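> Next comes the structure file entry.cif, holding mmCIF, C-alpha atoms.
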```cif
data_query
#
loop_
_atom_site.label_atom_id
_atom_site.label_comp_id
_atom_site.auth_asym_id
_atom_site.auth_seq_id
_atom_site.Cartn_x
_atom_site.Cartn_y
_atom_site.Cartn_z
CA MET X 15 -1.20 6.52 26.75
CA LYS X 16 1.34 9.05 28.06
CA PHE X 17 5.00 8.38 27.27
CA GLN X 18 8.12 9.87 28.85
CA PRO X 19 10.50 11.95 26.69
CA ILE X 20 13.44 9.96 25.28
CA PRO X 21 15.86 12.51 23.80
CA HIS X 22 18.68 9.95 23.43
CA ARG X 23 16.93 8.08 20.55
CA ASN X 24 17.49 9.07 16.93
CA PHE X 25 15.17 7.36 14.45
CA LEU X 26 15.87 7.00 10.73
CA PHE X 27 12.78 6.33 8.61
CA LEU X 28 13.23 4.59 5.26
CA GLN X 29 10.38 3.39 3.04
CA GLY X 30 7.05 2.86 4.77
CA PRO X 31 3.69 1.60 3.54
CA PRO X 32 1.92 3.96 1.12
CA GLY X 33 0.06 6.59 3.12
CA PRO X 34 0.67 8.79 6.18
CA PHE X 35 1.59 6.16 8.82
CA PHE X 36 5.36 6.71 8.96
CA TRP X 37 5.00 10.51 8.93
CA GLN X 38 2.43 10.48 11.73
CA LEU X 39 4.56 8.09 13.79
CA ALA X 40 7.59 10.34 13.34
CA GLU X 41 5.61 13.40 14.46
CA ARG X 42 4.61 11.61 17.68
CA LEU X 43 8.22 10.57 18.30
CA LYS X 44 9.28 14.21 17.89
CA GLU X 45 6.88 15.11 20.72
CA LEU X 46 8.92 12.72 22.89
CA GLU X 47 12.10 14.66 22.00
CA CYS X 48 13.43 11.93 19.70
CA GLY X 49 15.62 12.87 16.80
CA ILE X 50 13.96 12.14 13.42
CA SER X 51 15.66 11.64 10.05
CA ARG X 52 14.26 10.50 6.74
CA ILE X 53 15.82 9.28 3.50
CA ASN X 54 13.54 9.35 0.47
CA LEU X 55 14.39 6.81 -2.21
CA ASN X 56 11.75 7.80 -4.78
CA GLY X 57 8.99 10.27 -5.55
CA GLY X 58 6.39 8.29 -3.60
CA ASP X 59 8.50 8.50 -0.46
CA LYS X 60 8.81 12.27 -0.95
CA ALA X 61 5.06 12.68 -1.46
CA ASP X 62 4.26 10.76 1.73
CA TRP X 63 6.77 12.74 3.83
CA PRO X 64 5.91 16.47 3.86
CA GLY X 65 8.74 17.44 6.21
CA GLU X 66 12.51 17.78 6.03
CA ALA X 67 14.27 14.80 4.46
CA THR X 68 17.36 13.68 2.56
CA ASN X 69 16.69 12.58 -1.02
CA TYR X 70 18.96 9.79 -2.17
CA ARG X 71 19.25 10.07 -5.95
CA GLY X 72 22.33 7.92 -6.47
CA ARG X 73 22.86 4.44 -7.84
CA ARG X 74 22.28 1.27 -5.88
CA ARG X 75 26.00 0.41 -5.77
CA LYS X 76 26.72 3.62 -3.82
CA TRP X 77 23.82 3.27 -1.41
CA THR X 78 25.47 1.06 1.20
CA LEU X 79 28.38 3.36 2.06
CA PHE X 80 26.16 6.46 1.73
CA LEU X 81 23.83 4.98 4.31
CA ASP X 82 26.69 4.02 6.62
CA ARG X 83 27.97 7.61 6.62
CA PHE X 84 24.45 8.84 7.31
CA LEU X 85 24.05 6.47 10.28
CA VAL X 86 27.29 7.75 11.83
CA GLU X 87 26.84 11.46 11.09
CA HIS X 88 23.29 11.53 12.50
CA ALA X 89 24.04 9.23 15.47
CA ILE X 90 21.15 6.97 14.45
CA THR X 91 20.01 4.55 17.15
CA ASP X 92 16.96 3.05 15.40
CA VAL X 93 16.12 2.31 11.76
CA MET X 94 12.47 2.02 10.69
CA LEU X 95 11.41 0.27 7.49
CA PHE X 96 8.44 -1.51 5.95
CA GLY X 97 9.37 -4.87 4.45
CA ASP X 98 12.84 -6.37 4.77
CA CYS X 99 13.25 -7.88 1.29
CA ARG X 100 13.52 -4.72 -0.80
CA PRO X 101 17.16 -4.52 -1.98
CA MET X 102 17.78 -1.08 -0.45
CA HIS X 103 16.26 -2.21 2.85
CA MET X 104 18.29 -5.40 2.93
CA ALA X 105 21.49 -3.38 2.57
CA ALA X 106 20.34 -0.94 5.25
CA HIS X 107 19.51 -3.79 7.61
CA ARG X 108 22.98 -5.31 7.20
CA MET X 109 24.83 -2.03 7.70
CA ALA X 110 22.75 -1.22 10.79
CA ALA X 111 23.66 -4.63 12.20
CA LEU X 112 27.36 -3.84 11.72
CA ARG X 113 26.85 -0.61 13.67
CA LYS X 114 24.85 -2.39 16.39
CA ILE X 115 21.82 -0.22 15.56
CA ASP X 116 18.32 -1.52 16.23
CA VAL X 117 16.19 -2.20 13.15
CA HIS X 118 12.40 -2.23 13.45
CA VAL X 119 10.72 -4.06 10.55
CA PHE X 120 7.05 -3.40 9.86
CA GLU X 121 4.98 -5.65 7.59
CA GLU X 122 1.40 -6.70 6.96
CA GLY X 123 -0.02 -8.50 10.00
CA TYR X 124 0.81 -12.15 10.64
CA ILE X 125 -2.76 -12.41 11.89
CA ARG X 126 -5.38 -10.33 10.13
CA PRO X 127 -7.32 -8.16 10.17
CA ASP X 128 -6.72 -5.41 12.77
CA TRP X 129 -2.97 -5.95 13.26
CA LEU X 130 0.38 -5.08 11.66
CA THR X 131 3.62 -6.92 12.27
CA LEU X 132 6.57 -5.22 13.99
CA GLU X 133 9.69 -7.31 14.67
CA PRO X 134 13.21 -6.27 15.61
CA SER X 135 15.17 -8.64 13.40
CA GLY X 136 13.12 -9.48 10.32
CA VAL X 137 9.70 -10.72 9.33
CA ASN X 138 8.15 -13.75 7.68
CA GLY X 139 10.90 -16.11 6.52
CA PHE X 140 13.53 -13.90 8.19
CA SER X 141 11.82 -13.88 11.59
CA SER X 142 13.99 -15.18 14.40
CA LEU X 143 11.04 -16.62 16.29
CA SER X 144 11.38 -20.32 17.05
CA ARG X 145 9.66 -22.95 14.89
CA ASP X 146 9.47 -25.32 17.86
CA PRO X 147 5.88 -25.78 19.10
CA ASN X 148 7.12 -26.67 22.59
CA TRP X 149 8.87 -23.30 22.81
CA PHE X 150 5.60 -21.51 22.07
CA LEU X 151 3.73 -23.61 24.65
CA GLU X 152 6.33 -22.75 27.28
CA GLU X 153 6.43 -19.04 26.45
CA ALA X 154 2.63 -18.78 26.41
CA ARG X 155 2.33 -20.04 29.98
CA ARG X 156 3.43 -16.58 31.17
CA LEU X 157 1.07 -14.68 28.88
CA PRO X 158 -2.56 -13.59 29.33
CA PRO X 159 -5.39 -14.72 27.06
CA LEU X 160 -5.80 -13.03 23.69
CA PRO X 161 -7.12 -9.46 23.92
CA ASN X 162 -10.72 -8.87 22.96
CA ARG X 163 -10.61 -5.65 20.96
CA PRO X 164 -13.16 -4.11 18.58
CA PRO X 165 -12.58 -4.49 14.83
CA ILE X 166 -10.52 -1.78 13.14
CA THR X 167 -12.31 0.44 10.63
CA ALA X 168 -11.07 -0.22 7.12
CA SER X 169 -11.78 1.08 3.64
CA PHE X 170 -10.52 -0.83 0.63
CA ARG X 171 -10.80 2.32 -1.49
CA ARG X 172 -8.68 4.31 1.00
CA ARG X 173 -5.92 1.71 0.79
CA ALA X 174 -6.13 1.65 -3.02
CA ARG X 175 -6.03 5.46 -3.15
CA ASP X 176 -2.92 5.68 -0.98
CA ALA X 177 -1.18 3.02 -3.06
CA PHE X 178 -2.09 4.62 -6.39
CA ARG X 179 -0.94 8.06 -5.22
CA TYR X 180 2.36 6.67 -3.96
CA TYR X 181 3.21 4.71 -7.10
CA SER X 182 2.13 7.58 -9.35
CA TYR X 183 4.85 9.70 -7.79
CA VAL X 184 7.30 6.78 -8.02
CA GLN X 185 6.79 6.61 -11.76
CA PHE X 186 6.41 10.26 -12.71
CA ASP X 187 8.81 12.11 -10.39
CA PRO X 188 11.98 12.52 -12.53
CA SER X 189 14.23 13.54 -9.63
CA PHE X 190 15.17 9.95 -8.70
CA PRO X 191 16.61 8.73 -12.01
CA PHE X 192 18.31 5.58 -10.69
CA TYR X 193 15.52 4.23 -8.49
CA ARG X 194 14.21 0.83 -9.52
CA SER X 195 11.00 -0.45 -7.94
CA HIS X 196 10.88 -3.91 -6.40
CA ARG X 197 7.54 -4.37 -8.17
CA ALA X 198 7.65 -6.22 -11.49
CA SER X 199 4.56 -4.59 -13.05
CA SER X 200 4.33 -1.01 -14.27
CA LEU X 201 2.01 1.63 -12.84
CA THR X 202 0.18 1.86 -16.17
CA SER X 203 -0.68 -1.84 -16.22
CA GLU X 204 -1.76 -1.72 -12.56
CA PHE X 205 -3.95 1.32 -13.25
CA VAL X 206 -5.67 -0.52 -16.11
CA GLY X 207 -6.00 -3.53 -13.83
CA TRP X 208 -7.67 -1.51 -11.07
CA VAL X 209 -10.08 0.14 -13.51
CA ARG X 210 -11.04 -3.29 -14.84
CA LYS X 211 -11.32 -4.67 -11.31
CA PHE X 212 -13.65 -1.94 -10.08
CA ALA X 213 -15.76 -2.15 -13.26
CA MET X 214 -16.30 -5.90 -12.80
CA GLU X 215 -16.57 -5.91 -9.00
CA LYS X 216 -20.34 -6.35 -8.60
CA ARG X 217 -20.56 -8.97 -11.33
CA GLU X 218 -17.66 -10.97 -9.89
CA LEU X 219 -19.06 -10.88 -6.36
CA ALA X 220 -22.40 -12.17 -7.65
CA ARG X 221 -20.67 -14.91 -9.62
CA ALA X 222 -18.68 -15.97 -6.56
CA ASP X 223 -21.89 -16.29 -4.57
CA ARG X 224 -23.38 -18.50 -7.30
CA VAL X 225 -20.30 -20.72 -7.49
CA ILE X 226 -20.22 -21.19 -3.73
CA ALA X 227 -23.95 -21.96 -3.70
CA ASP X 228 -23.47 -24.52 -6.49
CA ILE X 229 -20.79 -26.31 -4.46
CA GLY X 230 -23.35 -26.68 -1.69
CA ASP X 231 -22.52 -29.53 0.68
CA ARG X 232 -19.91 -31.03 -1.61
CA PRO X 233 -16.51 -31.20 0.16
CA PHE X 234 -13.88 -28.81 -1.18
CA PHE X 235 -10.31 -27.70 -0.62
CA LEU X 236 -9.48 -24.01 -0.74
CA PHE X 237 -6.43 -22.44 -2.42
CA PRO X 238 -6.24 -18.63 -1.93
CA LEU X 239 -3.85 -17.09 -4.43
CA GLN X 240 -1.15 -14.61 -3.43
CA LEU X 241 0.37 -11.73 -5.35
CA SER X 242 3.19 -12.77 -7.66
CA ASN X 243 4.96 -9.47 -6.84
CA ASP X 244 4.91 -10.31 -3.14
CA PHE X 245 8.29 -11.10 -1.61
CA GLN X 246 6.53 -13.93 0.21
CA ILE X 247 6.48 -15.67 -3.17
CA ARG X 248 9.70 -14.27 -4.63
CA GLU X 249 11.94 -14.76 -1.58
CA HIS X 250 10.22 -17.20 0.76
CA SER X 251 8.83 -19.88 -1.53
CA PRO X 252 10.12 -22.45 -4.05
CA PHE X 253 8.10 -20.78 -6.82
CA GLN X 254 9.09 -17.82 -8.98
CA ASP X 255 5.44 -16.70 -9.23
CA MET X 256 1.88 -17.85 -8.53
CA LYS X 257 1.53 -19.50 -11.94
CA GLU X 258 4.17 -22.02 -10.90
CA GLY X 259 2.40 -22.46 -7.57
CA LEU X 260 -0.90 -23.11 -9.35
CA GLN X 261 0.66 -25.70 -11.62
CA TYR X 262 2.15 -27.51 -8.64
CA VAL X 263 -1.09 -27.54 -6.63
CA LEU X 264 -3.41 -28.50 -9.48
CA SER X 265 -1.07 -31.26 -10.67
CA SER X 266 -1.00 -32.75 -7.19
CA PHE X 267 -4.77 -32.42 -6.87
CA ALA X 268 -5.26 -34.21 -10.20
CA ARG X 269 -3.01 -37.10 -9.12
CA ARG X 270 -4.08 -37.69 -5.55
CA ALA X 271 -7.28 -35.92 -4.51
CA PRO X 272 -10.44 -38.02 -4.01
CA GLN X 273 -12.82 -37.90 -6.94
CA ASP X 274 -15.67 -36.53 -4.85
CA VAL X 275 -13.94 -33.32 -3.70
CA MET X 276 -13.62 -29.91 -5.34
CA LEU X 277 -10.77 -27.42 -5.41
CA LEU X 278 -11.83 -23.78 -5.04
CA VAL X 279 -9.19 -21.29 -6.24
CA LYS X 280 -9.79 -17.81 -4.80
CA GLU X 281 -8.13 -14.81 -6.42
CA HIS X 282 -6.33 -12.32 -4.16
CA PRO X 283 -8.58 -9.29 -3.50
CA LEU X 284 -5.72 -6.83 -4.18
CA ASP X 285 -4.57 -8.47 -7.41
CA ALA X 286 -4.75 -5.74 -10.04
CA SER X 287 -2.50 -7.46 -12.55
CA LEU X 288 -3.69 -8.07 -16.09
CA THR X 289 -3.31 -11.83 -15.64
CA ASN X 290 -6.47 -13.70 -16.57
CA TRP X 291 -6.38 -16.06 -13.59
CA ARG X 292 -9.72 -17.67 -14.42
CA GLY X 293 -8.61 -18.44 -17.94
CA TYR X 294 -5.31 -19.80 -16.67
CA VAL X 295 -6.98 -21.99 -14.04
CA ASP X 296 -9.56 -23.28 -16.53
CA ALA X 297 -6.94 -24.09 -19.17
CA LEU X 298 -4.74 -25.89 -16.66
CA ALA X 299 -7.70 -27.84 -15.28
CA ARG X 300 -8.71 -28.93 -18.79
CA ARG X 301 -5.18 -30.12 -19.50
CA LEU X 302 -5.22 -32.17 -16.29
CA SER X 303 -8.76 -33.49 -16.95
CA ILE X 304 -10.18 -32.01 -13.71
CA SER X 305 -12.36 -29.24 -15.15
CA ASP X 306 -15.40 -30.63 -13.37
CA ARG X 307 -13.66 -30.40 -9.98
CA VAL X 308 -11.80 -27.06 -10.09
CA VAL X 309 -13.46 -23.62 -9.93
CA HIS X 310 -12.10 -20.07 -9.67
CA ILE X 311 -13.70 -17.07 -7.97
CA ARG X 312 -12.75 -13.40 -7.53
CA GLY X 313 -14.97 -12.76 -4.52
CA GLY X 314 -16.37 -14.64 -1.57
CA ASN X 315 -15.94 -14.25 2.17
CA LEU X 316 -12.55 -15.76 2.98
CA THR X 317 -13.32 -16.20 6.68
CA ASP X 318 -16.44 -18.23 5.90
CA LEU X 319 -14.73 -20.27 3.19
CA ALA X 320 -11.71 -21.01 5.40
CA ALA X 321 -14.02 -22.35 8.11
CA ALA X 322 -16.07 -24.48 5.68
CA THR X 323 -13.26 -26.07 3.66
CA ARG X 324 -11.92 -29.59 4.20
CA GLY X 325 -8.41 -28.14 4.05
CA LEU X 326 -6.63 -24.96 3.01
CA VAL X 327 -3.58 -24.96 0.74
CA THR X 328 -1.29 -21.94 0.76
CA VAL X 329 2.23 -21.06 -0.23
CA ASN X 330 2.76 -18.87 2.84
CA SER X 331 -0.21 -16.50 3.03
CA THR X 332 -1.41 -15.15 6.37
CA SER X 333 -4.94 -16.02 5.22
CA SER X 334 -4.17 -19.47 6.55
CA THR X 335 -4.52 -18.15 10.10
CA LEU X 336 -8.26 -17.99 9.39
CA SER X 337 -8.45 -21.71 8.67
CA LEU X 338 -6.14 -22.56 11.58
CA ALA X 339 -8.31 -20.53 13.97
CA ALA X 340 -11.29 -22.59 12.78
CA GLY X 341 -9.41 -25.85 13.42
CA VAL X 342 -9.19 -26.63 9.68
CA PRO X 343 -6.19 -28.60 8.31
CA THR X 344 -3.75 -26.29 6.54
CA ILE X 345 -0.58 -26.89 4.52
CA ALA X 346 2.06 -24.27 3.72
CA LEU X 347 4.31 -24.90 0.71
CA GLY X 348 6.83 -22.13 1.44
CA LYS X 349 8.55 -20.56 4.43
CA ALA X 350 5.95 -19.28 6.88
CA ILE X 351 6.21 -18.24 10.49
CA TYR X 352 3.34 -20.57 11.39
CA ASN X 353 4.63 -23.58 9.44
CA MET X 354 5.50 -25.99 12.24
CA ALA X 355 4.43 -29.29 13.79
CA GLY X 356 1.17 -29.00 15.69
CA ILE X 357 -0.09 -26.17 13.50
CA THR X 358 0.25 -27.07 9.81
CA HIS X 359 0.24 -30.38 7.95
CA GLN X 360 3.84 -31.59 7.96
CA GLY X 361 3.62 -34.18 5.21
CA ARG X 362 3.56 -33.91 1.43
CA LEU X 363 0.86 -32.11 -0.51
CA ASP X 364 0.10 -35.40 -2.30
CA ASP X 365 -0.86 -36.89 1.07
CA PHE X 366 -2.71 -33.81 2.29
CA TRP X 367 -5.67 -34.43 -0.02
CA MET X 368 -6.30 -37.86 1.52
CA ARG X 369 -5.16 -37.47 5.16
CA PRO X 370 -4.92 -33.79 6.13
CA GLN X 371 -3.54 -33.16 9.63
CA ALA X 372 -5.68 -30.85 11.77
CA PRO X 373 -3.98 -28.19 13.90
CA ASP X 374 -3.53 -28.69 17.63
CA ALA X 375 -5.73 -26.02 19.24
CA ALA X 376 -3.40 -25.62 22.24
CA VAL X 377 -0.32 -25.06 20.06
CA PHE X 378 -2.09 -22.58 17.80
CA ASP X 379 -3.46 -20.67 20.79
CA ALA X 380 0.05 -20.47 22.29
CA PHE X 381 1.44 -19.37 18.92
CA ARG X 382 -1.10 -16.54 18.65
CA ARG X 383 -0.54 -15.32 22.20
CA VAL X 384 3.22 -15.11 21.65
CA LEU X 385 2.66 -13.21 18.38
CA TYR X 386 0.30 -10.75 20.02
CA ASP X 387 2.80 -10.16 22.82
CA ARG X 388 5.92 -9.79 20.69
CA CYS X 389 5.22 -9.18 17.02
CA LEU X 390 1.85 -7.52 16.47
CA ILE X 391 0.62 -3.95 16.88
CA TYR X 392 -3.07 -3.07 16.90
CA GLY X 393 -4.43 -0.84 14.14
CA GLY X 394 -4.44 -0.59 10.39
CA LEU X 395 -3.64 1.45 7.30
CA ALA X 396 -7.03 1.70 5.62
CA SER X 397 -8.71 4.54 7.55
CA GLU X 398 -7.75 7.64 9.52
CA SER X 399 -8.88 6.17 12.83
CA ALA X 400 -7.07 2.88 12.13
CA THR X 401 -3.80 4.71 11.38
CA THR X 402 -4.13 6.83 14.54
CA THR X 403 -4.59 3.67 16.58
CA LEU X 404 -1.64 2.05 14.81
CA VAL X 405 0.64 4.99 15.63
CA GLU X 406 -0.17 4.73 19.34
CA SER X 407 0.31 0.96 19.29
CA ALA X 408 3.70 1.36 17.59
CA LEU X 409 4.75 3.91 20.22
CA GLU X 410 3.85 1.48 22.97
CA ARG X 411 6.07 -1.13 21.34
CA LEU X 412 8.94 1.25 20.58
CA VAL X 413 9.12 3.50 23.62
CA GLY X 414 6.48 2.34 26.11
CA ASP X 415 6.46 -0.19 28.93
CA ARG X 416 6.76 -3.09 26.48
CA VAL X 417 9.90 -1.81 24.77
CA SER X 418 13.04 -3.97 24.85
CA HIS X 419 11.45 -6.70 26.98
CA TRP X 420 12.47 -9.16 24.27
CA ARG X 421 15.26 -9.25 21.76
CA PRO X 422 16.09 -12.37 19.73
CA ALA X 423 19.59 -13.72 19.71
CA LEU X 424 20.30 -12.27 16.24
CA VAL X 425 19.95 -8.71 17.47
CA VAL X 426 22.87 -7.32 19.47
CA ALA X 427 21.94 -4.63 21.99
CA ARG X 428 23.83 -1.36 21.86
CA GLY X 429 26.67 -1.03 24.34
#
```
Let me see whether you can do it: turn the structure in this file into structure tokens.


Amino acid sequence: MKFQPIPHRNFLFLQGPPGPFFWQLAERLKELECGISRINLNGGDKADWPGEATNYRGRRRKWTLFLDRFLVEHAITDVMLFGDCRPMHMAAHRMAALRKIDVHVFEEGYIRPDWLTLEPSGVNGFSSLSRDPNWFLEEARRLPPLPNRPPITASFRRRARDAFRYYSYVQFDPSFPFYRSHRASSLTSEFVGWVRKFAMEKRELARADRVIADIGDRPFFLFPLQLSNDFQIREHSPFQDMKEGLQYVLSSFARRAPQDVMLLVKEHPLDASLTNWRGYVDALARRLSISDRVVHIRGGNLTDLAAATRGLVTVNSTSSTLSLAAGVPTIALGKAIYNMAGITHQGRLDDFWMRPQAPDAAVFDAFRRVLYDRCLIYGGLASESATTTLVESALERLVGDRVSHWRPALVVARG
């Protein structure tokens, strides 16, 4: 798509996802005569941004006023960041709001695969989208059906490589002495975790296939784990980590679930922590006397499992959109953009095991169409072609025909 030059826009890029996406997007914006600035907060940022940039090497307590001066001196009109819960990003978001500067928040896609999220005010629990199903039904009346686009090419190893490169520079670049990562685990432990994960991959996939085959036609509930480091857990849930979430779910299952159903706990595919989740699940199940009804796997096709389960339990993972798309009852235990009447089970988890509420297909279809129109950009981060597509999709949202057609009430337009 061809875009018109927009020389009056000055974009400030903060931290992006590991890899070349933010740099490539900035290069395309330069072609449109936009002003481009970058602040690196750590060595990973510097490694992913080969061009001119400002390196912030100060303490967190001085960041807010430093950023405010930067916004004024560079006449910034737009701030770009990936994830709105990182402490430095939260401060930047608030200062930009004071200056009436637009903030564009990128995040993993609300609906996956093939999409990333881009919202103007915040994502996930901070999204300003309504939680009223009637609002979505009304808004969707003006929208076309969902687009039918080919799947995006993705490589798990490409994504892992970009992440490992980024966090290697975060840890070993000494020129940012006061930077503190939002991640709780160290690079060394994650490296060991990835080595172990890759070494056991084939064996774990084969075991998952056997476990699923053994379940056979027996009814089961599915609980996909999330990453304990994820801000979805740390900021948008009642649990401090996934171990607490597991205890809550298994305790409820032990009390109230029918005796003839299983609970299948699926480990997150990107979990490279050294936590022995199988051992933890098995020990907890033994303590609750449900060892014969709870199983853990590290593999398995999530799309197939989400369609086959009697119900899916999540804290606030976007994996639940797979079960909702299949018409399967789903309950969210934390803040989630899709957690509303007509889509998710609105009762207690204790009741979900016995009487799970199925989603209303019309409400979920309206919800997805509004997301596609307002919050999602097509593409991905796990291949060169996917990133190229993502850059063009982001441009369409930022500077194309679809720009500024919607702003939530929390965002004040520049005067």

> Evaluate the PyMOL selection byres ((chain X and resi 138) around 7) on the structure here and hand back the selected residues as a short mmCIF file (atom, residue, chain, number, x, y, z; two decimals) with C-alpha atoms, in the frame of the given file.


```cif
data_model
loop_
_atom_site.label_atom_id
_atom_site.label_comp_id
_atom_site.auth_asym_id
_atom_site.auth_seq_id
_atom_site.Cartn_x
_atom_site.Cartn_y
_atom_site.Cartn_z
CA VAL X 137 9.70 -10.72 9.33
CA GLY X 139 10.90 -16.11 6.52
CA PHE X 140 13.53 -13.90 8.19
CA SER X 141 11.82 -13.88 11.59
CA ALA X 350 5.95 -19.28 6.88
CA ILE X 351 6.21 -18.24 10.49
#
```

> Any chance you could resolve the PyMOL selection byres ((chain X and resi 332) around 12) against this file and give the residues as number ranges by chain?

X: 121-127, 129-131, 138, 238-240, 246, 282, 316-317, 320, 326-331, 333-339, 344-346, 348-353

> For X:Ser182, which of X:Met94, X:Val279, X:Ala61, X:Leu363 is the closest residue, counting only C-alpha atoms?

X:Ala61

> What separation in Å, quoted to one decimal, exists between atom CA of X:Thr91 and atom CA of X:Arg113?

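Between atom CA of X:Thr91 and atom CA of X:Arg113 the gap is 9.2 Å.
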
> Could you tell me, as a PyMOL selection string, exactly which residues end up selected when the PyMOL selection byres ((chain X and resi 386) around 12) is applied to this structure?

chain X and resi 123-126+128-133+154+157-162+379-385+387-392+407+411+416

> Give one line per residue of stretch 162-259 of chain X that approaches stretch 301-310 of chain X to at most 9 Å, naming the two atoms of the closest pair and their distance in Å to one decimal, counting all atoms listed in the file; sort by chain then ascending residue number and deliver it as a Markdown table.


```
| residue | atom | partner | partner_atom | distance |
| --- | --- | --- | --- | --- |
| X:Ala222 | CA | X:His310 | CA | 8.4 |
| X:Val225 | CA | X:Val309 | CA | 7.8 |
| X:Phe234 | CA | X:Arg307 | CA | 8.9 |
```

> Hey, which of X:Phe35, X:Ile311, X:Phe25, X:Phe366 ends up closest to X:Leu219? Count only C-alpha atoms.

X:Ile311

> With only C-alpha atoms as the basis for distance, which of X:Pro164, X:Gly259, X:Pro283, X:Pro272 is at the shortest distance from X:Phe212?

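For X:Phe212, the nearest of the given residues is X:Pro283.
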
> Measure the distance from atom CA of X:Glu410 to atom CA of X:Lys44 in Å and round it to one decimal.

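According to the coordinates, atom CA of X:Glu410 and atom CA of X:Lys44 are separated by 14.7 Å.
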
> Rounded to one decimal place, report the atom CA of X:His103-atom CA of X:Phe190 distance in Å.

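If I compute the distance from atom CA of X:His103 to atom CA of X:Phe190, I get 16.8 Å.
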
> Within 6 Å of stretch 207-209 of chain X, counting all atoms listed in the file, which residues show up once you throw out same-chain ones fewer than 6 positions away? Write them as a list in words, please.

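Once the nearby chain positions are removed, what remains is Ala286, Ser287 and Leu288 of chain X.
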
> Which one is closest to X:Ser266: X:Ala213, X:Asp365, X:Asp62, X:Ser242? Count all atoms listed in the file.

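Comparing X:Ala213, X:Asp365, X:Asp62, X:Ser242 against X:Ser266, the winner is X:Asp365.
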
> Which residue, X:Val405, X:Val184, X:Ala89, X:Ala168, has the smallest gap to X:Glu41 when you use only C-alpha atoms?

X:Val405

> So, with all atoms listed in the file as the atoms that count, which of X:Ala67, X:Cys48, X:Ala396, X:Ala372 lies closest to X:Ile90?

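Of the candidates, the smallest distance to X:Ile90 is held by X:Cys48.
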
> Fewer than 3 positions away in the same chain doesn't count, so skip those; otherwise give me all residues within 12 Å of X:Pro31, counting only C-alpha atoms, as a PyMOL selection string.

chain X and resi 27-28+34-37+58-59+62-63+94-97+119-122+130+173-174+176-181+394-396+401
